[in-house]
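Written out below as structure tokens is the structure these notes cover.
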Amino acid sequence: MARFEDTLGRHQRAQAATRHPSSQHGITRRGFLIGSVAGSAMLAFGVSGAALASGADDGRSASETLSAGAFEPTMWYAIGTDGTITIHITKAEMGQHVATSLARLVIEELEADLASVEIVYVDSDPKWGYMITGGSWSVNHSYQPLSQAGAAGRIALIEAGARQMGVSVESCKARQGRVISGDQSLGYGEIVAAGLERSFTEDELAAIELKPASERRVLGTKGNALDVPPKTNGQAVYGIDYTLPAEVEARVGKTLHARPVLPPSRFGCKVTAVDDSEASKVIGYRQTIELKDPSGMCQGWLAVIADNFSAAMRATDLLKVEWSKGDSYHIDEAAIQAEGQRLVSTPSRDNGSLMVDQGDPSALIEGAATTVESTFTTSSVLHFTLEPANALAYEEEGQWHVHCGNQQQSLLIPLVAKALDVEDGKITHHQLYLGGGFGRRLHGDYAVPAALAAKAVGRPVKMIFTRPDDSRFDCVRSPSVQRVRSGLDAEGRVVASEHAAAAGWPTAALMPSFLAEAVEGGGKLDSFSISGADHWYNVGTQRVWAQQNKVAHEAFVPGYLRSVAPGWTLWAVEQHIDELAQAAEQDPAEFRLSLLDAEGRNAGKAPVSTGGAERLRNVLTRVMEKSGWSERDSLPEDTGMGVALSFGQERSMPTWVACVARVKVDRATGEVKIEKLTSVVDAGTLAHPDGAMAQLEGSLLWGVSMALHEGTEYREGGPVAQNLGAYQPLRMHQVPQMDLEFVDSTEMPVGLGEPGTTVVAPAVANAIHHAVGVRLRDLPMRPAALKAALSEA
């Protein structure tokens, strides 16, 4: 434990005490470097990455540089003379233990000891590439580069160790941080201290073969997360806890505290009058300032400045402000849903694009023996991270520093730079632990008012949002409307299917350059608002429309929420499959098996989706066995079982998930009790099995929460529910029994942040239908809606 405590403390001291971003997290112990240099693919050992990038040459060899203690690592990891392996983490830690998983990728191929690892969450810098944590991408996207970096390090150490021991390279192997040849061995720290020089060209790096799965000693094995000690002993510092050290405040001024004053709606409001006479009576209150924001994030915003947050909070409540309201104030949930209904009734390229186009299914559907058509809706969903939005900002010697937890530093930096009217290079983001992210902190908008306030007062400002402030400023998961229709032939086979989904597009709002190309060419679409509709079932001639609901964009900034589109697309797809099975008079699980033929586009391809729909068949077959699916028709009265499948966040990185929900319905109250969830998951190689299980458990329970409880509506410029009294997530006494299993696999590791959240709601809806014969198509499934459906039935 002491090792991790010391690492965290050193990391925080380095963050706070240095002036220049280029020296942030400098590690002065001697070691060797693995990292990309100036954008190239070369890995260099034993020489400063900064020197390589600049072409500097002081006449010293790499070993002389190491001996002089002048080595400055720039990428991925470094090894010290004491054998400590310092791994640089560019991802955000928000409860998913990402550093443990990424460290395991390095250590597996490096053949080192996990006990020797120290973790550093790095500050922003272009050398790290695009910095983002989301989409379940971290392990999947890092697997190849970090594994290769570890393998390259092992090769370099074995070569150097062989030379130092006077033996052949072929006689050596690496284990637990040592190079071993017969009775001789050297620790990695000893080898580094003696000096080594090695570089890999792009071709050499590509030629490195990773260890076969049979020789893995770290991946797939149990073990504690590296960040548990600081999180449990109170040393972990989250954004909301962070304070500048006294030596920094001595240079830039004592930190002031602020609370934002939010306008009636997100867009188009202007301050017309401010009365702070009552606020001025609060001890510690200083002033109220209007934020002038070139970025457009803060329209009609004020900031209350005080000596401490308690004073800022109380003074804000006493402030009297008048605004002229923008048009967005008058847009409500009903208007957004009405526009969604219009869009899906006649989908077109005027307001969207095609994601899947295998021909026009209209004629086939109309001529089918049986046609099934349904419309599904979902409500606005809030993030409600445990830690409300916050940021601390200050300027020193022309460089702006922003301290907060954020999932996408590469988006935060240009946004803050635009607001401050400075170049991107003048902004440094210092990463801190996130008390929950869930996609909310992919947007750095909450850092803007803190920076603007700091600029206005000329001092560091720490701004904290209260829970209602955070809810009103949230980038909500957009409400959605979907229309799905399919045709069956006389034998019950699906001949054609069309799916149209309308919602706000978060990528269009936050990162338009990330919009995907539509299949018909020339158009764009937000894959994060339609993924999941491009499923792995063979439904004949298929067409999928992604429609942008621009009315939602006029009311708020549509955001990413854990799983994003599959949170609503699979709500429609998996219920529609059940409806088709019913029309075909087939068991819904067996019907799914018949559609998962793993042919054509559903065959999958290496390395990520190897096996395609066959792997989805496998988890479905297994979950049927585990759940006792064959006995579902002998359940007690008003008890039902439903099944649903998911492939996670996106088709290009599928996590194969099957879930069976068993529910008990109370006809008198409309209450649904989820008695048990049985889930089987194929996520490929598990870098950290304990973390993977925690991710699965947490995501399934959030799926339960969004299925039955979470959801609000937009009205008068904001969500109706703004605190946890009105917005009630799943409570502990409502947690169902869970029987969860991972498939043993050596395939490419894929994501686990999102998949579980998407599969629960349709499984529960299908189970409700099995129990009492009614189908709910609006999410969340409220007791009143179920009672009404039962009355109509």
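In the structure tokens, the first chain shown is A, the next is B, and so on; residue numbers restart at 1 for each chain, and ligands run from 1 in the order shown.
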If you count only C-alpha atoms, which residues fall within 9 Å of stretch 273-277 of chain A, apart from same-chain ones fewer than 2 positions away, as a PDB file with C-alpha atoms, in the first residue's frame?
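Output below, filename part_5.pdb:
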```pdb
ATOM      1  CA  VAL A 271     -29.076  39.245 -18.056  1.00  0.00           C
ATOM      2  CA  ALA A 279     -26.242  38.380  -1.087  1.00  0.00           C
ATOM      3  CA  SER A 280     -23.861  41.085   0.146  1.00  0.00           C
ATOM      4  CA  LYS A 281     -24.867  40.314   3.724  1.00  0.00           C
ATOM      5  CA  GLN A 287     -18.979  40.033  -6.025  1.00  0.00           C
ATOM      6  CA  THR A 288     -21.179  38.762  -8.827  1.00  0.00           C
ATOM      7  CA  ALA A 315     -25.072  34.181  -1.670  1.00  0.00           C
ATOM      8  CA  THR A 316     -26.262  32.681  -4.965  1.00  0.00           C
ATOM      9  CA  LEU A 318     -30.078  35.226  -2.187  1.00  0.00           C
ATOM     10  CA  LEU A 319     -29.250  36.814  -5.531  1.00  0.00           C
ATOM     11  CA  LYS A 320     -32.089  38.378  -7.542  1.00  0.00           C
ATOM     12  CA  VAL A 321     -31.567  38.208 -11.305  1.00  0.00           C
ATOM     13  CA  GLU A 322     -33.791  39.072 -14.244  1.00  0.00           C
ATOM     14  CA  TRP A 323     -33.260  37.660 -17.722  1.00  0.00           C
TER      15      TRP A 323
END
```
Go through stretch 630-687 of chain A and flag each residue having an atom no more than 8 Å from stretch 754-775 of chain A; for those, report the closest pair of atoms plus their distance in Å to one decimal, using only C-alpha atoms, ordered by chain and rising number, as a tab-separated table.
```
residue	atom	partner	partner_atom	distance
A:Glu637	CA	A:Ala771	CA	7.3
A:Asp638	CA	A:Ala771	CA	4.7
A:Thr639	CA	A:Ala771	CA	4.7
A:Gly640	CA	A:Ala771	CA	4.0
A:Met641	CA	A:Ala767	CA	4.3
A:Gly642	CA	A:Ala767	CA	3.7
A:Val643	CA	A:Ala763	CA	4.7
A:Ala644	CA	A:Ala763	CA	4.8
A:Leu645	CA	A:Val759	CA	6.0
A:Ser646	CA	A:Val759	CA	5.7
A:Phe647	CA	A:Pro755	CA	6.6
A:Gly648	CA	A:Pro755	CA	3.9
A:Gln649	CA	A:Glu754	CA	6.2
A:Thr655	CA	A:Pro755	CA	6.7
A:Val657	CA	A:Pro755	CA	7.0
A:Ala658	CA	A:Val759	CA	7.5
A:Cys659	CA	A:Val759	CA	6.5
A:Val660	CA	A:Ala763	CA	6.2
A:Ala661	CA	A:Val764	CA	5.6
A:Arg662	CA	A:Ala767	CA	6.3
A:Val663	CA	A:Ala767	CA	6.2
A:Lys664	CA	A:Ala771	CA	7.4
A:Val665	CA	A:Ala771	CA	7.1
A:Ile674	CA	A:Val764	CA	7.7
```
In Å, with one decimal, what is the gap from atom CA of A:His88 to atom CA of A:Lys231?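 Interatomic distance here is 18.9 Å.
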What does the distance between atom CA of A:Gly521 and atom CA of A:Arg349 come to in Å, to one decimal place?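 Computing it gives 11.0 Å between the two atoms.
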As an MDAnalysis selection string, please: the residues near A:Ser630 (cut-off 10 Å, only C-alpha atoms, same-chain neighbours under 6 positions excluded). chainID A and resid 587 589 624
Selected residues written out, all heavy atoms, as a compact mmCIF listing (two decimals), in the first residue's frame:
```
# COMPACT_ATOMS: atom_id res chain seq x y z
N ASP A 587 -40.66 -19.78 -30.21
CA ASP A 587 -40.02 -19.37 -28.96
C ASP A 587 -39.06 -18.22 -29.27
O ASP A 587 -38.27 -18.29 -30.23
CB ASP A 587 -39.26 -20.55 -28.37
CG ASP A 587 -38.47 -20.17 -27.14
OD1 ASP A 587 -39.03 -20.25 -26.03
OD2 ASP A 587 -37.29 -19.77 -27.30
N ALA A 589 -36.29 -17.11 -27.93
CA ALA A 589 -34.86 -17.44 -27.93
C ALA A 589 -34.49 -18.30 -29.12
O ALA A 589 -33.48 -18.06 -29.80
CB ALA A 589 -34.47 -18.13 -26.63
N MET A 624 -29.43 -19.51 -22.01
CA MET A 624 -30.65 -20.33 -21.96
C MET A 624 -30.46 -21.49 -20.99
O MET A 624 -31.36 -21.84 -20.22
CB MET A 624 -31.00 -20.83 -23.36
CG MET A 624 -31.46 -19.74 -24.33
SD MET A 624 -31.52 -20.30 -26.06
CE MET A 624 -32.86 -21.50 -25.99
```
Can you list, as a PyMOL selection string, every residue of stretch 448-642 of chain A that DSSP puts in helix (DSSP H, G or I)? chain A and resi 448-457+467-472+506-510+512-514+527-529+550-555+566-583+588-595+600-602+613-627+629-634
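Residue nearest A:Val237 within the list A:Glu93, A:Asp744, A:Glu118, A:Asp421: A:Glu93 [criterion: smallest interatomic distance, only C-alpha atoms].
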Do you know which residues are at most 9 Å from A:Met781 counting only C-alpha atoms, after dropping those on the same chain fewer than 4 positions away, and could you put them as a count of residues only? 11
From a DSSP pass on the backbone, collect the residues of stretch 204-309 of chain A flagged as strand (DSSP E or B) and hand them back as an NGL selection string. :A and (238 or 256-261 or 270-275 or 285-290 or 302-306)
Atom CA of A:Gln482 and atom CA of A:Ala788, how far apart in Å? 21.6 Å
Restricting the calculation to only C-alpha atoms, which member of A:Arg622, A:His553, A:Arg617, A:Arg266 is positioned closest to A:Trp536? A:Arg617
Would you list the contacts of A:Ala447 as a PDB file with N, CA, C and O atoms, in the first residue's frame, taking every protein, DNA or RNA residue within 12 Å and counting only C-alpha atoms, but skipping same-chain residues closer than 6 positions in sequence?
```
ATOM      1  N   GLY A 239     -11.598  15.965  -8.408  1.00  0.00           N
ATOM      2  CA  GLY A 239     -11.632  17.374  -8.759  1.00  0.00           C
ATOM      3  C   GLY A 239     -12.263  18.240  -7.699  1.00  0.00           C
ATOM      4  O   GLY A 239     -11.790  19.340  -7.390  1.00  0.00           O
ATOM      5  N   PRO A 260     -21.870  28.924 -10.165  1.00  0.00           N
ATOM      6  CA  PRO A 260     -22.481  29.541 -11.344  1.00  0.00           C
ATOM      7  C   PRO A 260     -23.938  29.929 -11.066  1.00  0.00           C
ATOM      8  O   PRO A 260     -24.621  29.293 -10.270  1.00  0.00           O
ATOM      9  N   SER A 295     -17.036  31.481 -26.566  1.00  0.00           N
ATOM     10  CA  SER A 295     -17.319  30.118 -27.016  1.00  0.00           C
ATOM     11  C   SER A 295     -18.817  29.858 -27.151  1.00  0.00           C
ATOM     12  O   SER A 295     -19.222  28.895 -27.802  1.00  0.00           O
ATOM     13  N   MET A 297     -20.754  28.867 -24.783  1.00  0.00           N
ATOM     14  CA  MET A 297     -21.210  27.870 -23.821  1.00  0.00           C
ATOM     15  C   MET A 297     -22.056  28.495 -22.719  1.00  0.00           C
ATOM     16  O   MET A 297     -23.016  27.897 -22.234  1.00  0.00           O
ATOM     17  N   CYS A 298     -21.660  29.688 -22.301  1.00  0.00           N
ATOM     18  CA  CYS A 298     -22.293  30.334 -21.149  1.00  0.00           C
ATOM     19  C   CYS A 298     -23.072  31.560 -21.614  1.00  0.00           C
ATOM     20  O   CYS A 298     -22.558  32.683 -21.603  1.00  0.00           O
ATOM     21  N   ALA A 389     -20.345  18.680 -11.306  1.00  0.00           N
ATOM     22  CA  ALA A 389     -19.339  19.350 -12.140  1.00  0.00           C
ATOM     23  C   ALA A 389     -18.550  20.360 -11.318  1.00  0.00           C
ATOM     24  O   ALA A 389     -19.086  21.046 -10.442  1.00  0.00           O
ATOM     25  N   ASN A 390     -17.259  20.463 -11.639  1.00  0.00           N
ATOM     26  CA  ASN A 390     -16.384  21.402 -10.940  1.00  0.00           C
ATOM     27  C   ASN A 390     -15.123  21.588 -11.749  1.00  0.00           C
ATOM     28  O   ASN A 390     -14.760  20.731 -12.570  1.00  0.00           O
ATOM     29  N   ALA A 391     -14.428  22.691 -11.512  1.00  0.00           N
ATOM     30  CA  ALA A 391     -13.128  22.938 -12.146  1.00  0.00           C
ATOM     31  C   ALA A 391     -12.422  24.048 -11.390  1.00  0.00           C
ATOM     32  O   ALA A 391     -13.061  24.958 -10.852  1.00  0.00           O
ATOM     33  N   LEU A 392     -11.111  23.956 -11.362  1.00  0.00           N
ATOM     34  CA  LEU A 392     -10.269  25.016 -10.793  1.00  0.00           C
ATOM     35  C   LEU A 392      -9.373  25.520 -11.916  1.00  0.00           C
ATOM     36  O   LEU A 392      -8.700  24.722 -12.573  1.00  0.00           O
ATOM     37  N   ALA A 393      -9.344  26.850 -12.112  1.00  0.00           N
ATOM     38  CA  ALA A 393      -8.575  27.415 -13.220  1.00  0.00           C
ATOM     39  C   ALA A 393      -7.761  28.616 -12.736  1.00  0.00           C
ATOM     40  O   ALA A 393      -8.206  29.367 -11.861  1.00  0.00           O
ATOM     41  N   TYR A 394      -6.582  28.765 -13.345  1.00  0.00           N
ATOM     42  CA  TYR A 394      -5.774  29.961 -13.066  1.00  0.00           C
ATOM     43  C   TYR A 394      -4.770  30.143 -14.197  1.00  0.00           C
ATOM     44  O   TYR A 394      -4.498  29.221 -14.978  1.00  0.00           O
ATOM     45  N   TRP A 400      -2.448  28.889 -19.042  1.00  0.00           N
ATOM     46  CA  TRP A 400      -3.640  28.616 -18.261  1.00  0.00           C
ATOM     47  C   TRP A 400      -3.649  27.156 -17.819  1.00  0.00           C
ATOM     48  O   TRP A 400      -3.341  26.252 -18.592  1.00  0.00           O
ATOM     49  N   HIS A 401      -4.008  26.940 -16.556  1.00  0.00           N
ATOM     50  CA  HIS A 401      -4.058  25.613 -15.966  1.00  0.00           C
ATOM     51  C   HIS A 401      -5.486  25.325 -15.518  1.00  0.00           C
ATOM     52  O   HIS A 401      -6.101  26.136 -14.821  1.00  0.00           O
ATOM     53  N   VAL A 402      -5.993  24.167 -15.923  1.00  0.00           N
ATOM     54  CA  VAL A 402      -7.337  23.742 -15.541  1.00  0.00           C
ATOM     55  C   VAL A 402      -7.225  22.403 -14.832  1.00  0.00           C
ATOM     56  O   VAL A 402      -6.750  21.424 -15.414  1.00  0.00           O
ATOM     57  N   HIS A 403      -7.651  22.367 -13.578  1.00  0.00           N
ATOM     58  CA  HIS A 403      -7.621  21.146 -12.779  1.00  0.00           C
ATOM     59  C   HIS A 403      -9.044  20.626 -12.643  1.00  0.00           C
ATOM     60  O   HIS A 403      -9.904  21.287 -12.046  1.00  0.00           O
ATOM     61  N   CYS A 404      -9.298  19.448 -13.177  1.00  0.00           N
ATOM     62  CA  CYS A 404     -10.599  18.807 -13.022  1.00  0.00           C
ATOM     63  C   CYS A 404     -10.513  17.397 -13.591  1.00  0.00           C
ATOM     64  O   CYS A 404      -9.548  17.050 -14.269  1.00  0.00           O
ATOM     65  N   GLY A 405     -11.526  16.605 -13.322  1.00  0.00           N
ATOM     66  CA  GLY A 405     -11.624  15.313 -13.962  1.00  0.00           C
ATOM     67  C   GLY A 405     -12.375  15.455 -15.269  1.00  0.00           C
ATOM     68  O   GLY A 405     -13.441  16.073 -15.307  1.00  0.00           O
ATOM     69  N   ASN A 406     -11.836  14.904 -16.346  1.00  0.00           N
ATOM     70  CA  ASN A 406     -12.469  15.050 -17.647  1.00  0.00           C
ATOM     71  C   ASN A 406     -12.173  13.824 -18.501  1.00  0.00           C
ATOM     72  O   ASN A 406     -11.092  13.244 -18.419  1.00  0.00           O
ATOM     73  N   GLN A 409      -9.828  15.349 -22.790  1.00  0.00           N
ATOM     74  CA  GLN A 409      -8.997  16.535 -22.675  1.00  0.00           C
ATOM     75  C   GLN A 409      -8.800  17.220 -24.021  1.00  0.00           C
ATOM     76  O   GLN A 409      -8.674  18.447 -24.085  1.00  0.00           O
ATOM     77  N   LEU A 411     -10.859  17.719 -26.275  1.00  0.00           N
ATOM     78  CA  LEU A 411     -11.984  18.586 -26.605  1.00  0.00           C
ATOM     79  C   LEU A 411     -12.087  19.741 -25.624  1.00  0.00           C
ATOM     80  O   LEU A 411     -12.427  20.864 -26.007  1.00  0.00           O
ATOM     81  N   LEU A 412     -11.752  19.488 -24.362  1.00  0.00           N
ATOM     82  CA  LEU A 412     -11.797  20.545 -23.348  1.00  0.00           C
ATOM     83  C   LEU A 412     -10.847  21.683 -23.680  1.00  0.00           C
ATOM     84  O   LEU A 412     -11.209  22.865 -23.561  1.00  0.00           O
ATOM     85  N   ILE A 413      -9.650  21.347 -24.118  1.00  0.00           N
ATOM     86  CA  ILE A 413      -8.616  22.368 -24.313  1.00  0.00           C
ATOM     87  C   ILE A 413      -9.011  23.412 -25.364  1.00  0.00           C
ATOM     88  O   ILE A 413      -8.961  24.615 -25.099  1.00  0.00           O
ATOM     89  N   PRO A 414      -9.416  23.026 -26.577  1.00  0.00           N
ATOM     90  CA  PRO A 414      -9.791  24.056 -27.546  1.00  0.00           C
ATOM     91  C   PRO A 414     -11.034  24.839 -27.128  1.00  0.00           C
ATOM     92  O   PRO A 414     -11.176  26.014 -27.482  1.00  0.00           O
ATOM     93  N   LEU A 415     -11.934  24.207 -26.370  1.00  0.00           N
ATOM     94  CA  LEU A 415     -13.120  24.913 -25.912  1.00  0.00           C
ATOM     95  C   LEU A 415     -12.757  26.006 -24.915  1.00  0.00           C
ATOM     96  O   LEU A 415     -13.213  27.156 -25.032  1.00  0.00           O
ATOM     97  N   VAL A 416     -11.916  25.677 -23.939  1.00  0.00           N
ATOM     98  CA  VAL A 416     -11.474  26.672 -22.964  1.00  0.00           C
ATOM     99  C   VAL A 416     -10.627  27.742 -23.652  1.00  0.00           C
ATOM    100  O   VAL A 416     -10.737  28.939 -23.339  1.00  0.00           O
ATOM    101  N   ALA A 417      -9.795  27.325 -24.595  1.00  0.00           N
ATOM    102  CA  ALA A 417      -8.965  28.301 -25.326  1.00  0.00           C
ATOM    103  C   ALA A 417      -9.827  29.304 -26.079  1.00  0.00           C
ATOM    104  O   ALA A 417      -9.541  30.503 -26.093  1.00  0.00           O
ATOM    105  N   LYS A 418     -10.897  28.817 -26.689  1.00  0.00           N
ATOM    106  CA  LYS A 418     -11.803  29.717 -27.409  1.00  0.00           C
ATOM    107  C   LYS A 418     -12.479  30.695 -26.459  1.00  0.00           C
ATOM    108  O   LYS A 418     -12.611  31.890 -26.758  1.00  0.00           O
ATOM    109  N   ALA A 419     -12.882  30.197 -25.301  1.00  0.00           N
ATOM    110  CA  ALA A 419     -13.534  31.062 -24.326  1.00  0.00           C
ATOM    111  C   ALA A 419     -12.582  32.136 -23.803  1.00  0.00           C
ATOM    112  O   ALA A 419     -12.982  33.282 -23.569  1.00  0.00           O
ATOM    113  N   LEU A 420     -11.322  31.778 -23.622  1.00  0.00           N
ATOM    114  CA  LEU A 420     -10.329  32.723 -23.100  1.00  0.00           C
ATOM    115  C   LEU A 420      -9.667  33.543 -24.197  1.00  0.00           C
ATOM    116  O   LEU A 420      -8.879  34.448 -23.902  1.00  0.00           O
ATOM    117  N   ILE A 427      -3.164  26.248 -22.928  1.00  0.00           N
ATOM    118  CA  ILE A 427      -4.027  25.579 -21.958  1.00  0.00           C
ATOM    119  C   ILE A 427      -3.418  24.230 -21.587  1.00  0.00           C
ATOM    120  O   ILE A 427      -3.054  23.445 -22.467  1.00  0.00           O
ATOM    121  N   THR A 428      -3.311  23.957 -20.307  1.00  0.00           N
ATOM    122  CA  THR A 428      -2.901  22.647 -19.816  1.00  0.00           C
ATOM    123  C   THR A 428      -4.000  22.105 -18.919  1.00  0.00           C
ATOM    124  O   THR A 428      -4.422  22.780 -17.978  1.00  0.00           O
ATOM    125  N   HIS A 429      -4.437  20.898 -19.221  1.00  0.00           N
ATOM    126  CA  HIS A 429      -5.415  20.236 -18.356  1.00  0.00           C
ATOM    127  C   HIS A 429      -4.694  19.261 -17.442  1.00  0.00           C
ATOM    128  O   HIS A 429      -3.902  18.436 -17.893  1.00  0.00           O
ATOM    129  N   HIS A 430      -4.970  19.375 -16.147  1.00  0.00           N
ATOM    130  CA  HIS A 430      -4.377  18.495 -15.148  1.00  0.00           C
ATOM    131  C   HIS A 430      -5.445  17.504 -14.707  1.00  0.00           C
ATOM    132  O   HIS A 430      -6.446  17.892 -14.087  1.00  0.00           O
ATOM    133  N   ARG A 441     -18.709  13.769 -18.878  1.00  0.00           N
ATOM    134  CA  ARG A 441     -17.473  14.552 -18.880  1.00  0.00           C
ATOM    135  C   ARG A 441     -16.652  14.339 -20.139  1.00  0.00           C
ATOM    136  O   ARG A 441     -15.461  14.619 -20.172  1.00  0.00           O
ATOM    137  N   ALA A 453     -14.277  33.067 -15.047  1.00  0.00           N
ATOM    138  CA  ALA A 453     -14.307  33.750 -13.757  1.00  0.00           C
ATOM    139  C   ALA A 453     -12.898  34.068 -13.284  1.00  0.00           C
ATOM    140  O   ALA A 453     -12.632  35.158 -12.756  1.00  0.00           O
ATOM    141  N   ALA A 454     -11.962  33.122 -13.475  1.00  0.00           N
ATOM    142  CA  ALA A 454     -10.576  33.367 -13.085  1.00  0.00           C
ATOM    143  C   ALA A 454      -9.974  34.509 -13.889  1.00  0.00           C
ATOM    144  O   ALA A 454      -9.218  35.329 -13.358  1.00  0.00           O
ATOM    145  N   VAL A 461      -9.695  30.479  -9.506  1.00  0.00           N
ATOM    146  CA  VAL A 461     -11.094  30.312  -9.116  1.00  0.00           C
ATOM    147  C   VAL A 461     -11.447  28.833  -9.190  1.00  0.00           C
ATOM    148  O   VAL A 461     -11.192  28.182 -10.198  1.00  0.00           O
ATOM    149  N   LYS A 462     -12.038  28.358  -8.104  1.00  0.00           N
ATOM    150  CA  LYS A 462     -12.569  27.004  -8.073  1.00  0.00           C
ATOM    151  C   LYS A 462     -14.089  27.103  -8.094  1.00  0.00           C
ATOM    152  O   LYS A 462     -14.689  27.626  -7.164  1.00  0.00           O
ATOM    153  N   MET A 463     -14.683  26.612  -9.180  1.00  0.00           N
ATOM    154  CA  MET A 463     -16.139  26.693  -9.325  1.00  0.00           C
ATOM    155  C   MET A 463     -16.728  25.301  -9.119  1.00  0.00           C
ATOM    156  O   MET A 463     -16.276  24.328  -9.724  1.00  0.00           O
ATOM    157  N   ILE A 464     -17.753  25.239  -8.277  1.00  0.00           N
ATOM    158  CA  ILE A 464     -18.456  23.981  -8.018  1.00  0.00           C
ATOM    159  C   ILE A 464     -19.939  24.184  -8.296  1.00  0.00           C
ATOM    160  O   ILE A 464     -20.542  25.168  -7.860  1.00  0.00           O
ATOM    161  N   PHE A 465     -20.501  23.253  -9.032  1.00  0.00           N
ATOM    162  CA  PHE A 465     -21.934  23.244  -9.303  1.00  0.00           C
ATOM    163  C   PHE A 465     -22.647  22.485  -8.182  1.00  0.00           C
ATOM    164  O   PHE A 465     -22.170  21.424  -7.758  1.00  0.00           O
TER     165      PHE A 465
END
```
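With only C-alpha atoms as the atoms that count, the minimum distance from A:Leu596 to the choices A:Ala583, A:Val704, A:Ile577, A:Leu616 is reached by A:Leu616.
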Residues within 9 Å of A:Asp227, only C-alpha atoms, excluding chain neighbours under 5 positions, as a compact mmCIF listing (two decimals) with all heavy atoms, in the first residue's frame:
```
# COMPACT_ATOMS: atom_id res chain seq x y z
N PHE A 4 1.76 2.75 -3.46
CA PHE A 4 0.74 3.49 -4.18
C PHE A 4 0.46 4.84 -3.52
O PHE A 4 0.22 5.81 -4.18
CB PHE A 4 -0.54 2.66 -4.27
CG PHE A 4 -0.33 1.36 -4.99
CD1 PHE A 4 -0.59 0.17 -4.36
CD2 PHE A 4 0.17 1.35 -6.28
CE1 PHE A 4 -0.38 -1.04 -5.02
CE2 PHE A 4 0.38 0.15 -6.94
CZ PHE A 4 0.11 -1.05 -6.30
N HIS A 97 -11.29 1.45 -12.92
CA HIS A 97 -9.95 0.88 -12.70
C HIS A 97 -9.19 0.73 -14.01
O HIS A 97 -8.52 -0.29 -14.25
CB HIS A 97 -10.03 -0.47 -11.99
CG HIS A 97 -10.81 -0.45 -10.71
ND1 HIS A 97 -10.49 0.37 -9.65
CD2 HIS A 97 -11.92 -1.14 -10.32
CE1 HIS A 97 -11.34 0.18 -8.66
NE2 HIS A 97 -12.23 -0.72 -9.05
N ALA A 99 -6.51 2.11 -15.16
CA ALA A 99 -5.05 2.04 -15.08
C ALA A 99 -4.58 0.62 -14.82
O ALA A 99 -3.55 0.19 -15.34
CB ALA A 99 -4.53 2.97 -14.00
N THR A 100 -5.34 -0.13 -14.03
CA THR A 100 -4.97 -1.52 -13.75
C THR A 100 -4.99 -2.34 -15.02
O THR A 100 -4.06 -3.12 -15.31
CB THR A 100 -5.93 -2.12 -12.72
OG1 THR A 100 -5.85 -1.34 -11.51
CG2 THR A 100 -5.56 -3.56 -12.42
N ILE A 119 1.69 4.23 -11.09
CA ILE A 119 0.79 4.81 -12.09
C ILE A 119 0.86 6.33 -12.03
O ILE A 119 0.85 6.92 -10.95
CB ILE A 119 -0.66 4.35 -11.83
CG1 ILE A 119 -0.79 2.84 -12.00
CG2 ILE A 119 -1.63 5.08 -12.75
CD1 ILE A 119 -0.44 2.34 -13.38
N THR A 232 -9.47 3.96 -0.87
CA THR A 232 -10.05 3.52 0.39
C THR A 232 -9.44 4.20 1.61
O THR A 232 -10.08 4.26 2.66
CB THR A 232 -9.89 2.00 0.56
OG1 THR A 232 -8.53 1.63 0.38
CG2 THR A 232 -10.75 1.26 -0.46
N ALA A 236 -6.90 9.49 -2.43
CA ALA A 236 -7.28 9.81 -3.81
C ALA A 236 -7.93 11.19 -3.84
O ALA A 236 -8.83 11.49 -3.05
CB ALA A 236 -8.24 8.76 -4.34
```
